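Have a look at the structure below before the remarks.
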Amino acid sequence: MLIFAIRRFGLAFLILFVAVTVMFLMIRAVPGDPVQIMLGPRATPELQARLTAELALDQPIWRQLVIFYGNLLQGDLGIDVFSGRAVTDIVFQQLPHTLWLIFSSIIWSAALGIGIGAYAAAHPNTLIDRITAAISVSFVAAPAFVVALLSLLIFAVNLKWFPAIGAGEGFWDRLNHLVLPAFAIGLSWVGYIARLVRASMLEVMGESHVRTARAFGINERRVVMVYALRIAILPVVTVIGVGMGFLLSSAVFAEIVFARPGLGKLVIDSITTRNYPIVMGSVLISTALFVVSTALADLVNAWLDPRARGSK
Amino acid sequence: MEKSRSELGQIVVGVSRDPLGLMGLIIVGTIVFCAIFAALIVPYDPVGMNIKDRLQGPSFSHLLGTDQLGRDTFSRVIMGGQVALKVALPAVFGAMAIGLTLGMIAGYGPKWLDNLLMLFFDTIRSFPTVMFALAVVALVGPSLQTVVVVVMATSIPTYGRVARTQTLTLRNSEFILAERSMGASMKRILGVHMLPNIIGVLAVLAAMDIPTVIALEAGLSFLGLGVKPPTPSWGALLKDGYSLIRQTPWLVVGGGLPIILATLGFTFLGESLRDVVDPKLRKQR
């Protein structure tokens, strides 16, 4: 297990290293003076000189990379030239908003999806199973930002059930503001998780430990809930970990549509003001988040199911 | 040729027997038809302004109403379908071609190359798609080509990994070993013998990938970072609709419904194709 963990995190760091390097080179590969591009049309000569020195642009490219990594390891992603604050400060200030949104989305959709999937698997090929299957596929297909816009239109603008913009103050108000965006992000996950759980449930129900449990005369409800479901939700863990990227992507849209603070709003605002250090810092941190969560999902999976620790 | 035609016929029959598949076939057929003949269908010029008739609700002369510049929403929706396919098809086919080539090389080539390519795939996948797209658009600037390239780049790994797995399983099969013992070159083995065995699976993946691509294009255009105005894209319609959501609901409905319909149609079709072409794929993903 320990060896697996070390290897898995080794791979994660290797991937992250390559990804960050690619991103670094991408900025340098853009035609034109990087300082000019980063500062945009508002650049003054002093600012340009300062940034050139800061990014060590007068040095050869490999030294720039080394300096960049040196700073990165100290948690320094540079200074935002407009506000004078550290990029990491600005990004980490917005990050919790996005994480809350993602977690609340995944919690309601996983709960509902697992319920639907387990129910469908316990009653396979009945009419209800067919209907849930069709609905699940439809849910999977709905892009989060379209759902966000339509739910904004219906539930916030027309019915006025929920607030349309902002994140709210205080616990209940915040929760109230979370409902629509979390609904929009989670909707496609309900169908996805339901299908996944149904498929793996059906597989698990045929396995010998479930058959043994039945043979011992344990009642059907307990067999389904305790013996089958416990194994059957394993793939959900992996899928949520791997799906962190999709969740982050949907969160960007949900934050824009509902005018919520967060990483997505920060990135879009920074693109419109051509504030590249912030854009790159946010992309880097969200990538790191994604890579780590994928690795964690693999670890949890390996911990719960020793068979997954094999050669990978 | 005769054989492949009857195979194609069998696939179409198989898909249309499945109710969801038939529905997908009809929706996708309608969208493709509308996109091809868009210029003949639209009642108004999709970019022609008419300030006098701005922000109207649906009527017989404007089926889905008009936007803030008096442009006919229905015409823009139809034309938007053409734009969506213009982005989705090149992106999906490009990604499939590159992913297929790299994946086969990874599966058949030496171990170090395999590891290198897998690291490449994993790296691309490690960027959250929209964040990656935003970073590129921020650097290069928004345009139709940028969207195509970004979308293509992000979906290469999916095809690459599946092509690799398929190649690995085929690699030691008897007919490939026989070819190899007769001295066939790698190019010939991959191109003539492996390719026909892999392409079906990848085509199914491509059909299932189109909705993602359409949604991504619309999403970027919604953020104002995709197709440039006044080009009528579904995402651009949503962008206008979002800023005018309190004045008229019809722009959001007009931009949102075709996206949902298109994603539904392609998903149904893709799922059904998968079951017909290769039921085994269901477990692999």
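Ordering of the structure tokens sets the chain letters (A, B, ...); residue numbers start at 1 within each chain; ligands are numbered from 1 in the order shown.
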
**Request:** Show me which bits of chain B are within 6 Å of chain A, counting only C-alpha atoms, as a ChimeraX atom specification.
**Result:** /B:123,126-128,130-131,138,256,260,263-264

Residues at most 6 Å from range 153-168 of chain B, counting only C-alpha atoms, excluding those fewer than 6 positions away in the same chain, as a PDB file with N, CA, C and O atoms, in the first residue's frame?
```pdb
ATOM      1  N   ALA B  95      -8.825  15.488 -33.509  1.00  0.00           N
ATOM      2  CA  ALA B  95      -8.392  14.831 -32.275  1.00  0.00           C
ATOM      3  C   ALA B  95      -8.359  13.323 -32.462  1.00  0.00           C
ATOM      4  O   ALA B  95      -7.449  12.636 -31.992  1.00  0.00           O
ATOM      5  N   MET B  96      -9.356  12.796 -33.188  1.00  0.00           N
ATOM      6  CA  MET B  96      -9.408  11.356 -33.405  1.00  0.00           C
ATOM      7  C   MET B  96      -8.201  10.897 -34.222  1.00  0.00           C
ATOM      8  O   MET B  96      -7.554   9.909 -33.877  1.00  0.00           O
ATOM      9  N   GLY B  99      -5.026  11.360 -32.031  1.00  0.00           N
ATOM     10  CA  GLY B  99      -5.062  10.409 -30.923  1.00  0.00           C
ATOM     11  C   GLY B  99      -4.871   8.978 -31.387  1.00  0.00           C
ATOM     12  O   GLY B  99      -4.158   8.193 -30.769  1.00  0.00           O
ATOM     13  N   LEU B 100      -5.492   8.659 -32.518  1.00  0.00           N
ATOM     14  CA  LEU B 100      -5.385   7.305 -33.081  1.00  0.00           C
ATOM     15  C   LEU B 100      -3.935   6.979 -33.425  1.00  0.00           C
ATOM     16  O   LEU B 100      -3.400   5.929 -33.045  1.00  0.00           O
ATOM     17  N   GLY B 103      -1.809   6.881 -30.243  1.00  0.00           N
ATOM     18  CA  GLY B 103      -2.191   5.737 -29.429  1.00  0.00           C
ATOM     19  C   GLY B 103      -1.677   4.429 -30.003  1.00  0.00           C
ATOM     20  O   GLY B 103      -1.200   3.551 -29.280  1.00  0.00           O
ATOM     21  N   MET B 104      -1.757   4.286 -31.339  1.00  0.00           N
ATOM     22  CA  MET B 104      -1.261   3.047 -31.964  1.00  0.00           C
ATOM     23  C   MET B 104       0.246   2.942 -31.811  1.00  0.00           C
ATOM     24  O   MET B 104       0.780   1.862 -31.549  1.00  0.00           O
ATOM     25  N   ALA B 106       1.986   4.275 -29.406  1.00  0.00           N
ATOM     26  CA  ALA B 106       2.237   3.954 -27.993  1.00  0.00           C
ATOM     27  C   ALA B 106       2.023   2.470 -27.729  1.00  0.00           C
ATOM     28  O   ALA B 106       2.769   1.839 -26.995  1.00  0.00           O
ATOM     29  N   GLY B 107       0.990   1.913 -28.330  1.00  0.00           N
ATOM     30  CA  GLY B 107       0.681   0.510 -28.082  1.00  0.00           C
ATOM     31  C   GLY B 107       1.613  -0.455 -28.788  1.00  0.00           C
ATOM     32  O   GLY B 107       1.851  -1.567 -28.308  1.00  0.00           O
ATOM     33  N   PHE B 121      -0.198  12.254 -22.594  1.00  0.00           N
ATOM     34  CA  PHE B 121      -1.664  12.194 -22.469  1.00  0.00           C
ATOM     35  C   PHE B 121      -2.099  12.623 -21.062  1.00  0.00           C
ATOM     36  O   PHE B 121      -3.023  13.424 -20.900  1.00  0.00           O
TER      37      PHE B 121
END
```

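Of the residues under consideration (A:Val197, A:Ala295, A:Ile114, A:Leu304), A:Ala295 shows the shortest atom-to-atom contact distance to Phe13 in chain A when counting only C-alpha atoms.
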
**Request:** Skip Ala86 in chain A itself and residues of its chain fewer than 5 positions away, then list as an NGL selection string all residues within 8 Å of it, counting only C-alpha atoms.
**Result:** :A and (76-80)

With N, CA and C atoms retained, could you export that selection as a tab-separated table (two decimals), in the first residue's frame?
```
chain	number	residue	atom	x	y	z
A	76	ASP	N	5.63	31.10	-4.07
A	76	ASP	CA	5.58	32.45	-4.62
A	76	ASP	C	5.24	32.37	-6.12
A	77	LEU	N	4.07	32.87	-6.48
A	77	LEU	CA	3.68	32.84	-7.89
A	77	LEU	C	3.79	34.22	-8.50
A	78	GLY	N	4.52	35.09	-7.84
A	78	GLY	CA	4.68	36.44	-8.38
A	78	GLY	C	3.73	37.42	-7.71
A	79	ILE	N	3.90	38.68	-8.11
A	79	ILE	CA	3.11	39.76	-7.51
A	79	ILE	C	2.16	40.28	-8.58
A	80	ASP	N	0.92	40.51	-8.17
A	80	ASP	CA	-0.03	41.12	-9.09
A	80	ASP	C	0.39	42.57	-9.31
```

**Asked** Quick one: residues within 12 Å of Thr30 in chain B, only C-alpha atoms counted, chain neighbours fewer than 5 positions away excluded, as a PyMOL selection string?
**Response** chain B and resi 23-25+35-38+78+81-82+258+261-262+265-266

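CA of Gly241 in chain B is found 22.9 Å from CA of Ala133 in chain B.
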
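Going from CA of Ala218 in chain B to CA of Pro232 in chain B covers 10.7 Å.
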